[in-house]
$ cat coords.pdb   # PDB, C-alpha atoms and all ligand atoms
ATOM      1  CA  MET A   1     100.354  72.369 131.698
ATOM      2  CA  ALA A   2      98.081  75.287 130.712
ATOM      3  CA  ARG A   3      96.829  75.183 127.143
ATOM      4  CA  LYS A   4      98.505  77.674 124.879
ATOM      5  CA  LYS A   5      96.533  80.565 123.422
ATOM      6  CA  ILE A   6      96.969  81.774 119.878
ATOM      7  CA  ALA A   7      95.415  85.066 118.842
ATOM      8  CA  LEU A   8      94.928  85.789 115.161
ATOM      9  CA  ILE A   9      94.430  89.466 114.350
ATOM     10  CA  GLY A  10      92.608  89.585 111.051
ATOM     11  CA  SER A  11      90.131  86.915 110.032
ATOM     12  CA  GLY A  12      90.419  87.036 106.281
ATOM     13  CA  MET A  13      91.763  84.228 104.134
ATOM     14  CA  ILE A  14      95.119  84.002 105.908
ATOM     15  CA  GLY A  15      93.517  84.313 109.351
ATOM     16  CA  GLY A  16      91.068  81.506 108.600
ATOM     17  CA  THR A  17      93.823  79.292 107.196
ATOM     18  CA  LEU A  18      96.001  79.995 110.243
ATOM     19  CA  ALA A  19      93.147  79.036 112.551
ATOM     20  CA  HIS A  20      92.538  75.796 110.664
ATOM     21  CA  LEU A  21      96.220  74.828 110.699
ATOM     22  CA  ALA A  22      96.693  75.722 114.374
ATOM     23  CA  ALA A  23      93.580  73.743 115.310
ATOM     24  CA  LYS A  24      94.594  70.679 113.277
ATOM     25  CA  LYS A  25      98.000  70.753 114.946
ATOM     26  CA  GLU A  26      96.351  71.229 118.372
ATOM     27  CA  MET A  27      98.705  74.113 119.075
ATOM     28  CA  GLY A  28      96.320  75.564 121.644
ATOM     29  CA  ASP A  29      93.084  77.486 121.874
ATOM     30  CA  ILE A  30      92.489  80.009 119.159
ATOM     31  CA  VAL A  31      90.976  83.475 119.200
ATOM     32  CA  LEU A  32      90.103  84.951 115.823
ATOM     33  CA  PHE A  33      89.842  88.736 115.977
ATOM     34  CA  ASP A  34      88.538  91.112 113.339
ATOM     35  CA  ILE A  35      86.872  94.506 113.324
ATOM     36  CA  ALA A  36      84.259  93.164 110.877
ATOM     37  CA  GLU A  37      81.331  92.106 113.021
ATOM     38  CA  GLY A  38      80.230  88.525 112.574
ATOM     39  CA  MET A  39      83.118  87.401 110.405
ATOM     40  CA  PRO A  40      85.461  86.042 113.091
ATOM     41  CA  GLN A  41      82.501  84.580 114.972
ATOM     42  CA  GLY A  42      81.222  82.856 111.815
ATOM     43  CA  LYS A  43      84.636  81.487 110.888
ATOM     44  CA  ALA A  44      85.249  80.297 114.447
ATOM     45  CA  LEU A  45      81.924  78.452 114.470
ATOM     46  CA  ASP A  46      82.573  76.851 111.089
ATOM     47  CA  LEU A  47      86.118  75.814 112.049
ATOM     48  CA  SER A  48      84.972  74.430 115.418
ATOM     49  CA  GLN A  49      82.693  72.089 113.519
ATOM     50  CA  CYS A  50      85.722  70.592 111.730
ATOM     51  CA  GLY A  51      86.912  69.286 115.107
ATOM     52  CA  PRO A  52      84.697  66.189 115.321
ATOM     53  CA  VAL A  53      85.493  65.246 111.707
ATOM     54  CA  GLU A  54      89.226  65.861 111.858
ATOM     55  CA  GLY A  55      89.521  64.821 115.508
ATOM     56  CA  PHE A  56      91.162  67.878 116.989
ATOM     57  CA  ASP A  57      90.592  69.476 120.365
ATOM     58  CA  ALA A  58      90.855  73.242 120.150
ATOM     59  CA  LYS A  59      88.557  75.899 121.455
ATOM     60  CA  ILE A  60      88.097  78.404 118.632
ATOM     61  CA  THR A  61      86.343  81.684 119.341
ATOM     62  CA  GLY A  62      85.681  84.763 117.247
ATOM     63  CA  THR A  63      85.683  88.286 118.612
ATOM     64  CA  ASN A  64      85.647  91.993 117.796
ATOM     65  CA  ASP A  65      87.078  92.886 121.201
ATOM     66  CA  TYR A  66      90.834  93.110 121.792
ATOM     67  CA  ALA A  67      90.246  92.214 125.453
ATOM     68  CA  ASP A  68      89.679  88.619 124.296
ATOM     69  CA  ILE A  69      93.305  88.236 123.178
ATOM     70  CA  ALA A  70      94.447  88.718 126.787
ATOM     71  CA  GLY A  71      97.133  86.274 127.826
ATOM     72  CA  ALA A  72      97.882  85.088 124.273
ATOM     73  CA  ASP A  73     101.183  83.239 123.930
ATOM     74  CA  VAL A  74     101.402  83.936 120.213
ATOM     75  CA  VAL A  75      99.739  86.688 118.184
ATOM     76  CA  ILE A  76      99.780  86.445 114.401
ATOM     77  CA  VAL A  77      98.839  89.650 112.589
ATOM     78  CA  THR A  78      97.298  89.543 109.132
ATOM     79  CA  ALA A  79      95.048  92.588 109.541
ATOM     80  CA  GLY A  80      95.093  95.143 106.762
ATOM     81  CA  VAL A  81      94.495  95.245 103.057
ATOM     82  CA  PRO A  82      96.067  92.933 100.455
ATOM     83  CA  ARG A  83      97.257  94.325  97.142
ATOM     84  CA  LYS A  84      95.406  93.963  93.870
ATOM     85  CA  PRO A  85      96.891  93.161  90.450
ATOM     86  CA  GLY A  86      99.083  96.029  89.251
ATOM     87  CA  MET A  87      99.871  97.245  92.766
ATOM     88  CA  SER A  88     103.133  96.825  94.642
ATOM     89  CA  ARG A  89     103.219  95.858  98.299
ATOM     90  CA  ASP A  90     104.555  99.346  99.030
ATOM     91  CA  ASP A  91     101.307 100.887  97.729
ATOM     92  CA  LEU A  92      99.674  99.518 100.911
ATOM     93  CA  LEU A  93     101.940 101.490 103.228
ATOM     94  CA  GLY A  94      99.570 104.330 104.159
ATOM     95  CA  ILE A  95      96.465 102.250 104.729
ATOM     96  CA  ASN A  96      98.136  99.368 106.550
ATOM     97  CA  LEU A  97     100.227 101.667 108.750
ATOM     98  CA  LYS A  98      96.978 102.944 110.310
ATOM     99  CA  VAL A  99      95.874  99.362 110.861
ATOM    100  CA  MET A 100      99.201  98.511 112.546
ATOM    101  CA  LYS A 101      98.710 101.413 114.925
ATOM    102  CA  ALA A 102      95.380 100.037 116.160
ATOM    103  CA  VAL A 103      96.726  96.472 116.281
ATOM    104  CA  GLY A 104      99.923  97.521 118.080
ATOM    105  CA  GLU A 105      97.890  99.288 120.746
ATOM    106  CA  GLY A 106      95.567  96.290 121.084
ATOM    107  CA  ILE A 107      98.556  94.009 121.660
ATOM    108  CA  LYS A 108     100.272  96.433 124.031
ATOM    109  CA  ASN A 109      97.160  96.701 126.207
ATOM    110  CA  ASN A 110      96.116  93.057 126.158
ATOM    111  CA  ALA A 111      98.907  90.660 125.217
ATOM    112  CA  PRO A 112     102.237  92.327 126.033
ATOM    113  CA  ASP A 113     103.962  88.988 126.740
ATOM    114  CA  ALA A 114     103.105  87.406 123.409
ATOM    115  CA  PHE A 115     105.438  86.432 120.585
ATOM    116  CA  VAL A 116     104.097  88.496 117.689
ATOM    117  CA  ILE A 117     104.410  87.409 114.067
ATOM    118  CA  CYS A 118     103.459  89.986 111.449
ATOM    119  CA  ILE A 119     102.311  89.051 107.934
ATOM    120  CA  THR A 120     100.811  92.391 106.834
ATOM    121  CA  ASN A 121     102.448  94.174 103.884
ATOM    122  CA  PRO A 122     104.676  95.948 103.105
ATOM    123  CA  LEU A 123     106.106  93.422 105.500
ATOM    124  CA  ASP A 124     109.436  94.776 106.729
ATOM    125  CA  ALA A 125     108.032  98.252 107.349
ATOM    126  CA  MET A 126     104.852  96.935 108.961
ATOM    127  CA  VAL A 127     106.712  94.696 111.412
ATOM    128  CA  TRP A 128     108.890  97.646 112.371
ATOM    129  CA  ALA A 129     105.823  99.872 112.861
ATOM    130  CA  LEU A 130     103.986  97.180 114.805
ATOM    131  CA  ARG A 131     106.954  96.895 117.156
ATOM    132  CA  GLU A 132     107.041 100.664 117.601
ATOM    133  CA  PHE A 133     103.297 100.915 118.266
ATOM    134  CA  SER A 134     103.197  97.902 120.606
ATOM    135  CA  GLY A 135     106.395  98.729 122.493
ATOM    136  CA  LEU A 136     107.187  95.008 122.852
ATOM    137  CA  PRO A 137     110.844  93.932 122.999
ATOM    138  CA  HIS A 138     112.463  93.552 119.567
ATOM    139  CA  ASN A 139     113.038  89.829 120.087
ATOM    140  CA  LYS A 140     109.296  89.278 120.574
ATOM    141  CA  VAL A 141     108.179  90.844 117.294
ATOM    142  CA  VAL A 142     109.099  89.300 113.951
ATOM    143  CA  GLY A 143     107.912  89.286 110.359
ATOM    144  CA  MET A 144     106.977  86.277 108.289
ATOM    145  CA  ALA A 145     108.539  86.524 104.859
ATOM    146  CA  GLY A 146     111.796  84.628 104.492
ATOM    147  CA  VAL A 147     110.176  81.284 105.228
ATOM    148  CA  LEU A 148     107.617  81.984 102.494
ATOM    149  CA  ASP A 149     110.125  83.346  99.979
ATOM    150  CA  SER A 150     112.499  80.449 100.618
ATOM    151  CA  ALA A 151     109.615  77.987 100.233
ATOM    152  CA  ARG A 152     108.796  79.533  96.862
ATOM    153  CA  PHE A 153     112.415  79.296  95.749
ATOM    154  CA  ALA A 154     112.551  75.663  96.935
ATOM    155  CA  THR A 155     109.320  74.792  95.125
ATOM    156  CA  PHE A 156     110.523  76.195  91.797
ATOM    157  CA  LEU A 157     113.905  74.450  92.134
ATOM    158  CA  ALA A 158     112.288  71.115  92.997
ATOM    159  CA  TRP A 159     110.076  71.422  89.909
ATOM    160  CA  GLU A 160     113.034  72.345  87.711
ATOM    161  CA  PHE A 161     115.210  69.447  88.840
ATOM    162  CA  ASP A 162     112.306  67.046  89.320
ATOM    163  CA  VAL A 163     113.424  66.220  92.863
ATOM    164  CA  SER A 164     111.594  66.063  96.172
ATOM    165  CA  VAL A 165     111.003  69.437  97.817
ATOM    166  CA  LYS A 166     112.198  67.747 101.007
ATOM    167  CA  ASP A 167     115.719  67.710  99.602
ATOM    168  CA  VAL A 168     115.822  71.368  98.643
ATOM    169  CA  ASN A 169     117.142  73.797 101.224
ATOM    170  CA  ALA A 170     116.627  77.203  99.663
ATOM    171  CA  PHE A 171     117.504  80.499 101.151
ATOM    172  CA  VAL A 172     116.281  84.069 100.648
ATOM    173  CA  LEU A 173     117.610  87.169 102.439
ATOM    174  CA  GLY A 174     116.563  90.807 102.518
ATOM    175  CA  GLY A 175     113.293  92.689 102.362
ATOM    176  CA  HIS A 176     110.034  91.069 101.248
ATOM    177  CA  GLY A 177     109.828  93.070  98.043
ATOM    178  CA  ASP A 178     110.928  92.543  94.467
ATOM    179  CA  THR A 179     114.514  93.340  95.561
ATOM    180  CA  MET A 180     114.674  90.330  97.919
ATOM    181  CA  VAL A 181     117.857  88.298  97.589
ATOM    182  CA  PRO A 182     117.527  84.578  96.845
ATOM    183  CA  VAL A 183     121.010  83.352  97.807
ATOM    184  CA  THR A 184     122.086  80.526  95.533
ATOM    185  CA  SER A 185     125.441  80.136  97.309
ATOM    186  CA  TYR A 186     123.576  78.887 100.423
ATOM    187  CA  THR A 187     120.944  76.904  98.538
ATOM    188  CA  THR A 188     121.470  73.158  98.343
ATOM    189  CA  ILE A 189     119.891  70.017  96.990
ATOM    190  CA  ASN A 190     120.456  67.595  99.843
ATOM    191  CA  GLY A 191     123.748  69.305 100.664
ATOM    192  CA  ILE A 192     124.892  69.731  97.048
ATOM    193  CA  PRO A 193     125.252  73.445  96.162
ATOM    194  CA  VAL A 194     122.486  74.292  93.711
ATOM    195  CA  ASN A 195     124.877  75.616  91.047
ATOM    196  CA  ASP A 196     126.828  72.322  91.128
ATOM    197  CA  PHE A 197     123.588  70.371  90.983
ATOM    198  CA  ALA A 198     122.493  72.439  87.999
ATOM    199  CA  LYS A 199     125.705  71.484  86.168
ATOM    200  CA  ILE A 200     125.149  67.790  86.944
ATOM    201  CA  LYS A 201     121.602  68.071  85.585
ATOM    202  CA  GLY A 202     122.565  70.207  82.576
ATOM    203  CA  VAL A 203     120.505  73.187  83.776
ATOM    204  CA  SER A 204     121.978  76.501  82.591
ATOM    205  CA  GLU A 205     122.928  79.445  84.796
ATOM    206  CA  SER A 206     120.401  81.587  82.948
ATOM    207  CA  ARG A 207     117.646  79.115  83.873
ATOM    208  CA  ILE A 208     118.615  79.439  87.562
ATOM    209  CA  ASP A 209     118.502  83.226  87.102
ATOM    210  CA  GLU A 210     114.960  82.906  85.753
ATOM    211  CA  ILE A 211     113.971  80.898  88.846
ATOM    212  CA  VAL A 212     115.533  83.551  91.089
ATOM    213  CA  ASP A 213     113.511  86.191  89.254
ATOM    214  CA  ARG A 214     110.288  84.178  89.531
ATOM    215  CA  THR A 215     110.928  83.802  93.280
ATOM    216  CA  ARG A 216     111.341  87.557  93.662
ATOM    217  CA  LYS A 217     108.039  88.134  91.927
ATOM    218  CA  GLY A 218     106.346  85.096  93.490
ATOM    219  CA  GLY A 219     103.775  87.044  95.522
ATOM    220  CA  GLY A 220     102.789  89.184  92.529
ATOM    221  CA  GLU A 221     102.361  86.094  90.339
ATOM    222  CA  ILE A 222      99.712  84.781  92.749
ATOM    223  CA  VAL A 223      98.056  88.208  93.116
ATOM    224  CA  GLY A 224      97.760  88.317  89.300
ATOM    225  CA  LEU A 225      96.226  84.852  89.146
ATOM    226  CA  LEU A 226      93.766  85.325  92.002
ATOM    227  CA  GLY A 227      92.599  88.681  90.674
ATOM    228  CA  ASN A 228      91.227  89.771  94.029
ATOM    229  CA  GLY A 229      93.536  88.991  96.915
ATOM    230  CA  SER A 230      96.933  87.557  97.633
ATOM    231  CA  ALA A 231      98.442  84.225  98.663
ATOM    232  CA  TYR A 232      97.212  82.684 101.889
ATOM    233  CA  TYR A 233      98.031  78.985 102.187
ATOM    234  CA  ALA A 234     101.835  79.306 102.071
ATOM    235  CA  PRO A 235     101.971  82.525 104.147
ATOM    236  CA  ALA A 236      99.853  80.860 106.842
ATOM    237  CA  THR A 237     101.923  77.659 106.759
ATOM    238  CA  SER A 238     105.107  79.719 107.099
ATOM    239  CA  ALA A 239     103.846  81.686 110.101
ATOM    240  CA  ILE A 240     102.694  78.479 111.795
ATOM    241  CA  ALA A 241     106.237  77.041 111.420
ATOM    242  CA  MET A 242     107.563  80.119 113.223
ATOM    243  CA  ALA A 243     104.924  79.885 115.975
ATOM    244  CA  GLU A 244     105.734  76.200 116.493
ATOM    245  CA  ALA A 245     109.442  76.999 116.839
ATOM    246  CA  TYR A 246     108.607  79.524 119.556
ATOM    247  CA  LEU A 247     106.065  77.420 121.448
ATOM    248  CA  GLY A 248     108.220  74.292 121.256
ATOM    249  CA  ASP A 249     111.504  76.140 121.949
ATOM    250  CA  THR A 250     112.956  74.177 119.046
ATOM    251  CA  LYS A 251     115.731  76.653 118.116
ATOM    252  CA  ARG A 252     114.948  76.335 114.408
ATOM    253  CA  ILE A 253     116.991  78.530 112.090
ATOM    254  CA  LEU A 254     114.437  80.206 109.865
ATOM    255  CA  PRO A 255     114.766  83.144 107.509
ATOM    256  CA  CYS A 256     112.559  85.812 109.118
ATOM    257  CA  ALA A 257     112.188  89.577 109.131
ATOM    258  CA  SER A 258     114.022  90.006 112.441
ATOM    259  CA  TYR A 259     115.430  93.043 114.142
ATOM    260  CA  VAL A 260     119.013  93.429 112.970
ATOM    261  CA  ASP A 261     121.202  95.796 114.898
ATOM    262  CA  GLY A 262     124.927  95.634 114.249
ATOM    263  CA  LYS A 263     125.003  92.631 111.916
ATOM    264  CA  TYR A 264     125.000  92.787 108.104
ATOM    265  CA  GLY A 265     126.114  96.421 108.508
ATOM    266  CA  LEU A 266     122.582  97.306 109.657
ATOM    267  CA  ASP A 267     121.568  99.691 112.319
ATOM    268  CA  GLY A 268     118.200  98.769 113.810
ATOM    269  CA  LEU A 269     116.230  97.475 110.850
ATOM    270  CA  TYR A 270     113.723  94.649 110.408
ATOM    271  CA  VAL A 271     114.740  92.619 107.396
ATOM    272  CA  GLY A 272     114.934  88.974 106.315
ATOM    273  CA  VAL A 273     117.904  87.176 107.861
ATOM    274  CA  PRO A 274     118.515  83.669 109.223
ATOM    275  CA  THR A 275     117.222  83.678 112.764
ATOM    276  CA  MET A 276     117.130  81.193 115.603
ATOM    277  CA  ILE A 277     113.632  80.999 117.084
ATOM    278  CA  GLY A 278     113.068  79.488 120.522
ATOM    279  CA  ALA A 279     111.317  80.276 123.780
ATOM    280  CA  GLY A 280     113.163  83.604 123.896
ATOM    281  CA  GLY A 281     111.569  84.678 120.613
ATOM    282  CA  THR A 282     114.102  85.614 117.965
ATOM    283  CA  GLU A 283     117.058  84.429 120.013
ATOM    284  CA  GLU A 284     119.853  85.048 117.533
ATOM    285  CA  VAL A 285     120.404  86.578 114.134
ATOM    286  CA  ILE A 286     122.954  84.496 112.232
ATOM    287  CA  GLU A 287     125.332  86.535 110.094
ATOM    288  CA  ILE A 288     126.626  84.614 107.094
ATOM    289  CA  GLU A 289     129.498  85.415 104.739
ATOM    290  CA  LEU A 290     128.291  86.895 101.480
ATOM    291  CA  SER A 291     130.041  87.551  98.181
ATOM    292  CA  ASP A 292     130.475  91.167  97.054
ATOM    293  CA  GLU A 293     127.590  90.765  94.619
ATOM    294  CA  GLU A 294     125.299  89.299  97.306
ATOM    295  CA  LYS A 295     126.285  92.112  99.669
ATOM    296  CA  SER A 296     125.447  94.765  97.118
ATOM    297  CA  ASN A 297     122.102  93.078  96.296
ATOM    298  CA  LEU A 298     121.309  92.983 100.011
ATOM    299  CA  LYS A 299     122.153  96.669 100.278
ATOM    300  CA  VAL A 300     119.700  97.531  97.488
ATOM    301  CA  SER A 301     117.039  95.544  99.348
ATOM    302  CA  THR A 302     117.718  97.022 102.796
ATOM    303  CA  ASP A 303     117.913 100.548 101.345
ATOM    304  CA  ALA A 304     114.410 100.010  99.946
ATOM    305  CA  VAL A 305     113.219  99.005 103.447
ATOM    306  CA  GLU A 306     114.882 102.060 104.989
ATOM    307  CA  GLU A 307     113.085 104.310 102.515
ATOM    308  CA  LEU A 308     109.779 102.823 103.606
ATOM    309  CA  LEU A 309     110.566 103.474 107.255
ATOM    310  CA  GLU A 310     111.208 107.119 106.431
ATOM    311  CA  ALA A 311     107.841 107.196 104.660
ATOM    312  CA  CYS A 312     106.169 105.691 107.772
ATOM    313  CA  LYS A 313     107.742 108.400 109.931
ATOM    314  CA  GLY A 314     106.392 111.027 107.546
ATOM    315  CA  LEU A 315     102.888 109.550 107.770
ATOM    316  CA  ASP A 316     102.740 109.133 111.554
ATOM    317  CA  SER A 317     104.545 111.667 113.699
ATOM    318  CA  SER A 318     104.608 109.309 116.707
ATOM    319  CA  LEU A 319     107.106 107.172 114.739
ATOM    320  CA  ALA A 320     109.541 109.979 113.969
TER
HETATM  321  C1  LIG A 401     103.136  87.250  99.184
HETATM  322  O1  LIG A 401     104.347  87.312  98.944
HETATM  323  O2  LIG A 401     102.421  86.338  98.775
HETATM  324  C2  LIG A 401     102.512  88.308 100.026
HETATM  325  O3  LIG A 401     103.462  89.257 100.390
HETATM  326  C3  LIG A 401     101.332  88.941  99.381
HETATM  327  C4  LIG A 401     101.679  89.789  98.183
HETATM  328  O4  LIG A 401     101.062  90.853  98.036
HETATM  329  O5  LIG A 401     102.515  89.402  97.374
END
$ encode --input "coords.pdb" --output "structure tokens" --more "lines below"
Ligand code: LMR
Amino acid sequence: MARKKIALIGSGMIGGTLAHLAAKKEMGDIVLFDIAEGMPQGKALDLSQCGPVEGFDAKITGTNDYADIAGADVVIVTAGVPRKPGMSRDDLLGINLKVMKAVGEGIKNNAPDAFVICITNPLDAMVWALREFSGLPHNKVVGMAGVLDSARFATFLAWEFDVSVKDVNAFVLGGHGDTMVPVTSYTTINGIPVNDFAKIKGVSESRIDEIVDRTRKGGGEIVGLLGNGSAYYAPATSAIAMAEAYLGDTKRILPCASYVDGKYGLDGLYVGVPTMIGAGGTEEVIEIELSDEEKSNLKVSTDAVEELLEACKGLDSSLA
């Protein structure tokens, strides 16, 4: 069987972490792309030299030429600018939209059969724009956010209850902004609904609300702590889980920014929803029953995404 090829567009902190994880897992050969000369080459050389110590076989190369991503099975896009303390993800719209245009064209011309996972912010708008610029089918372009947001929610709940993170199945819907919707009604501690578990453990509803709020602001908390950059370990880990589901055709149900057309009352929008990922890309969006309150929270979140798409169309006439 031919070795798989994973192209990473953007060789910053997330790109480097993605390359390291993909190499350790021997997911295939890795091409690190960046427009900054020397950086992807230097990182590729450094990472290659982990191979003998960690015992992985992966050819890792760095490049500034899109032609080198040709034939990639998976492309993970982290290119663009991260926010700084005090900024919102939406403040990156103008600058990162231009980056998505170049990346989308690079993918279209060199790796049109790839499964493309976008991490660049503001996520839901950037994955939509990347799809538009690349022209790939909707099921082959997806955004990484729900896995990350759900992982944050699960981490905070595990800490609160002092239980293993392995037993927490947390769930976040909606856009990857401060209006995202952590859904407690579908969050369980080893099958026990989280609100019931909270009662058993004597944890108040208001404490769960605080955890929901911390989850919503989870990216900003890390941006504030780092001072110059945003999270990279958990975003990279989340995208790798999605890539593995695609390459292994495992049919995992993961919360991802998928193209939703007709479900959740949405009409052609990329937003975080439970999605089955397999060899066909995003094979199915799963529509779950929501309470009236959850529905109205989701609407606030999807309206915010729609506003960003309008802003993208205003900034780039080819999107209108
Ligand atoms: C995150 O959630 O960590 C990323 O979207 C980066 C950010 O700016 O918050």
$ residues_near_ligand --input "coords.pdb" --ligand "ligand LIG 401 (chain A)" --cutoff "7 Å" --atoms "only C-alpha atoms and all ligand atoms" --output "number ranges by chain"
A: 82-83, 89, 121, 176, 218-220, 222-223, 230-231, 235
$ residues_around --input "coords.pdb" --residues "Met276 of chain A" --least-positions-apart "2" --cutoff "12 Å" --atoms "all atoms listed in the file" --output "JSON, numbers by chain"
{"A": [139, 142, 242, 245, 246, 249, 250, 251, 252, 253, 254, 255, 256, 257, 258, 273, 274, 278, 279, 280, 281, 282, 283, 284, 285, 286, 287]}
$ residues_around --input "coords.pdb" --residues "Thr155 of chain A" --least-positions-apart "6" --cutoff "12 Å" --atoms "all atoms listed in the file" --output "ChimeraX atom specification"
/A:148-149,161-171,189,211-212,214-215,218,234
$ atom_distance --input "coords.pdb" --atom1 "atom CA of Ile200 of chain A" --atom2 "atom CA of Asp213 of chain A"
21.9 Å
$ resolve_selection --input "coords.pdb" --expression "the PyMOL selection byres (((chain A and resi 137) around 12) and not hetatm)" --output "PyMOL selection string"
chain A and resi 108+112-116+128+130-136+138-142+258-259+280-283
$ write_last_selection --input "coords.pdb" --atoms "C-alpha atoms" --output "PDB file, in the frame of the given file"
ATOM      1  CA  LYS A 108     100.272  96.433 124.031  1.00  0.00           C
ATOM      2  CA  PRO A 112     102.237  92.327 126.033  1.00  0.00           C
ATOM      3  CA  ASP A 113     103.962  88.988 126.740  1.00  0.00           C
ATOM      4  CA  ALA A 114     103.105  87.406 123.409  1.00  0.00           C
ATOM      5  CA  PHE A 115     105.438  86.432 120.585  1.00  0.00           C
ATOM      6  CA  VAL A 116     104.097  88.496 117.689  1.00  0.00           C
ATOM      7  CA  TRP A 128     108.890  97.646 112.371  1.00  0.00           C
ATOM      8  CA  LEU A 130     103.986  97.180 114.805  1.00  0.00           C
ATOM      9  CA  ARG A 131     106.954  96.895 117.156  1.00  0.00           C
ATOM     10  CA  GLU A 132     107.041 100.664 117.601  1.00  0.00           C
ATOM     11  CA  PHE A 133     103.297 100.915 118.266  1.00  0.00           C
ATOM     12  CA  SER A 134     103.197  97.902 120.606  1.00  0.00           C
ATOM     13  CA  GLY A 135     106.395  98.729 122.493  1.00  0.00           C
ATOM     14  CA  LEU A 136     107.187  95.008 122.852  1.00  0.00           C
ATOM     15  CA  HIS A 138     112.463  93.552 119.567  1.00  0.00           C
ATOM     16  CA  ASN A 139     113.038  89.829 120.087  1.00  0.00           C
ATOM     17  CA  LYS A 140     109.296  89.278 120.574  1.00  0.00           C
ATOM     18  CA  VAL A 141     108.179  90.844 117.294  1.00  0.00           C
ATOM     19  CA  VAL A 142     109.099  89.300 113.951  1.00  0.00           C
ATOM     20  CA  SER A 258     114.022  90.006 112.441  1.00  0.00           C
ATOM     21  CA  TYR A 259     115.430  93.043 114.142  1.00  0.00           C
ATOM     22  CA  GLY A 280     113.163  83.604 123.896  1.00  0.00           C
ATOM     23  CA  GLY A 281     111.569  84.678 120.613  1.00  0.00           C
ATOM     24  CA  THR A 282     114.102  85.614 117.965  1.00  0.00           C
ATOM     25  CA  GLU A 283     117.058  84.429 120.013  1.00  0.00           C
TER      26      GLU A 283
END
$ residues_around --input "coords.pdb" --residues "segment 11-28 of chain A" --least-positions-apart "4" --cutoff "7 Å" --atoms "all atoms listed in the file" --output "list in words"
Arg3, Lys4, Lys5, Ile6, Leu32, Phe33, Asp34, Pro40, Lys43, Leu47, Phe56, Asp57, Ala58, Thr78, Tyr232, Tyr233 and Ala236 of chain A
$ resolve_selection --input "coords.pdb" --expression "the PyMOL selection byres (((chain A and resi 312) around 12) and not hetatm)" --output "NGL selection string"
:A and (90 or 92-98 or 100-101 or 122 or 124-130 or 132-133 or 305-311 or 313-320)
$ write_last_selection --input "coords.pdb" --atoms "C-alpha atoms" --output "PDB file, in the coordinates of the input"
ATOM      1  CA  ASP A  90     104.555  99.346  99.030  1.00  0.00           C
ATOM      2  CA  LEU A  92      99.674  99.518 100.911  1.00  0.00           C
ATOM      3  CA  LEU A  93     101.940 101.490 103.228  1.00  0.00           C
ATOM      4  CA  GLY A  94      99.570 104.330 104.159  1.00  0.00           C
ATOM      5  CA  ILE A  95      96.465 102.250 104.729  1.00  0.00           C
ATOM      6  CA  ASN A  96      98.136  99.368 106.550  1.00  0.00           C
ATOM      7  CA  LEU A  97     100.227 101.667 108.750  1.00  0.00           C
ATOM      8  CA  LYS A  98      96.978 102.944 110.310  1.00  0.00           C
ATOM      9  CA  MET A 100      99.201  98.511 112.546  1.00  0.00           C
ATOM     10  CA  LYS A 101      98.710 101.413 114.925  1.00  0.00           C
ATOM     11  CA  PRO A 122     104.676  95.948 103.105  1.00  0.00           C
ATOM     12  CA  ASP A 124     109.436  94.776 106.729  1.00  0.00           C
ATOM     13  CA  ALA A 125     108.032  98.252 107.349  1.00  0.00           C
ATOM     14  CA  MET A 126     104.852  96.935 108.961  1.00  0.00           C
ATOM     15  CA  VAL A 127     106.712  94.696 111.412  1.00  0.00           C
ATOM     16  CA  TRP A 128     108.890  97.646 112.371  1.00  0.00           C
ATOM     17  CA  ALA A 129     105.823  99.872 112.861  1.00  0.00           C
ATOM     18  CA  LEU A 130     103.986  97.180 114.805  1.00  0.00           C
ATOM     19  CA  GLU A 132     107.041 100.664 117.601  1.00  0.00           C
ATOM     20  CA  PHE A 133     103.297 100.915 118.266  1.00  0.00           C
ATOM     21  CA  VAL A 305     113.219  99.005 103.447  1.00  0.00           C
ATOM     22  CA  GLU A 306     114.882 102.060 104.989  1.00  0.00           C
ATOM     23  CA  GLU A 307     113.085 104.310 102.515  1.00  0.00           C
ATOM     24  CA  LEU A 308     109.779 102.823 103.606  1.00  0.00           C
ATOM     25  CA  LEU A 309     110.566 103.474 107.255  1.00  0.00           C
ATOM     26  CA  GLU A 310     111.208 107.119 106.431  1.00  0.00           C
ATOM     27  CA  ALA A 311     107.841 107.196 104.660  1.00  0.00           C
ATOM     28  CA  LYS A 313     107.742 108.400 109.931  1.00  0.00           C
ATOM     29  CA  GLY A 314     106.392 111.027 107.546  1.00  0.00           C
ATOM     30  CA  LEU A 315     102.888 109.550 107.770  1.00  0.00           C
ATOM     31  CA  ASP A 316     102.740 109.133 111.554  1.00  0.00           C
ATOM     32  CA  SER A 317     104.545 111.667 113.699  1.00  0.00           C
ATOM     33  CA  SER A 318     104.608 109.309 116.707  1.00  0.00           C
ATOM     34  CA  LEU A 319     107.106 107.172 114.739  1.00  0.00           C
ATOM     35  CA  ALA A 320     109.541 109.979 113.969  1.00  0.00           C
TER      36      ALA A 320
END
$ atom_distance --input "coords.pdb" --atom1 "atom CA of Phe156 of chain A" --atom2 "atom CA of Arg207 of chain A"
11.0 Å
$ closest_residue --input "coords.pdb" --among "A:Leu269, A:Met1, A:Ile288, A:Gly146" --to "Met180 of chain A" --atoms "only C-alpha atoms"
A:Gly146
$ resolve_selection --input "coords.pdb" --expression "the PyMOL selection byres (((chain A and resi 290) around 12) and not hetatm)" --output "NGL selection string"
:A and (173 or 181-186 or 264 or 287-289 or 291-299)
$ atom_distance --input "coords.pdb" --atom1 "atom CA of Asp68 of chain A" --atom2 "atom CA of Ile35 of chain A"
12.8 Å
$ residues_near_point --input "coords.pdb" --point "(98.1, 82.9, 117.2)" --cutoff "6 Å" --atoms "all atoms listed in the file" --output "ChimeraX atom specification"
/A:6-8,74-76
$ axis_aligned_box --input "coords.pdb" --around "segment 92-109 of chain A" --padding-each-side "8 Å" --output "lines of an AutoDock Vina configuration file"
center_x = 98.7
center_y = 99.2
center_z = 113.6
size_x = 22.6
size_y = 26.3
size_z = 41.3
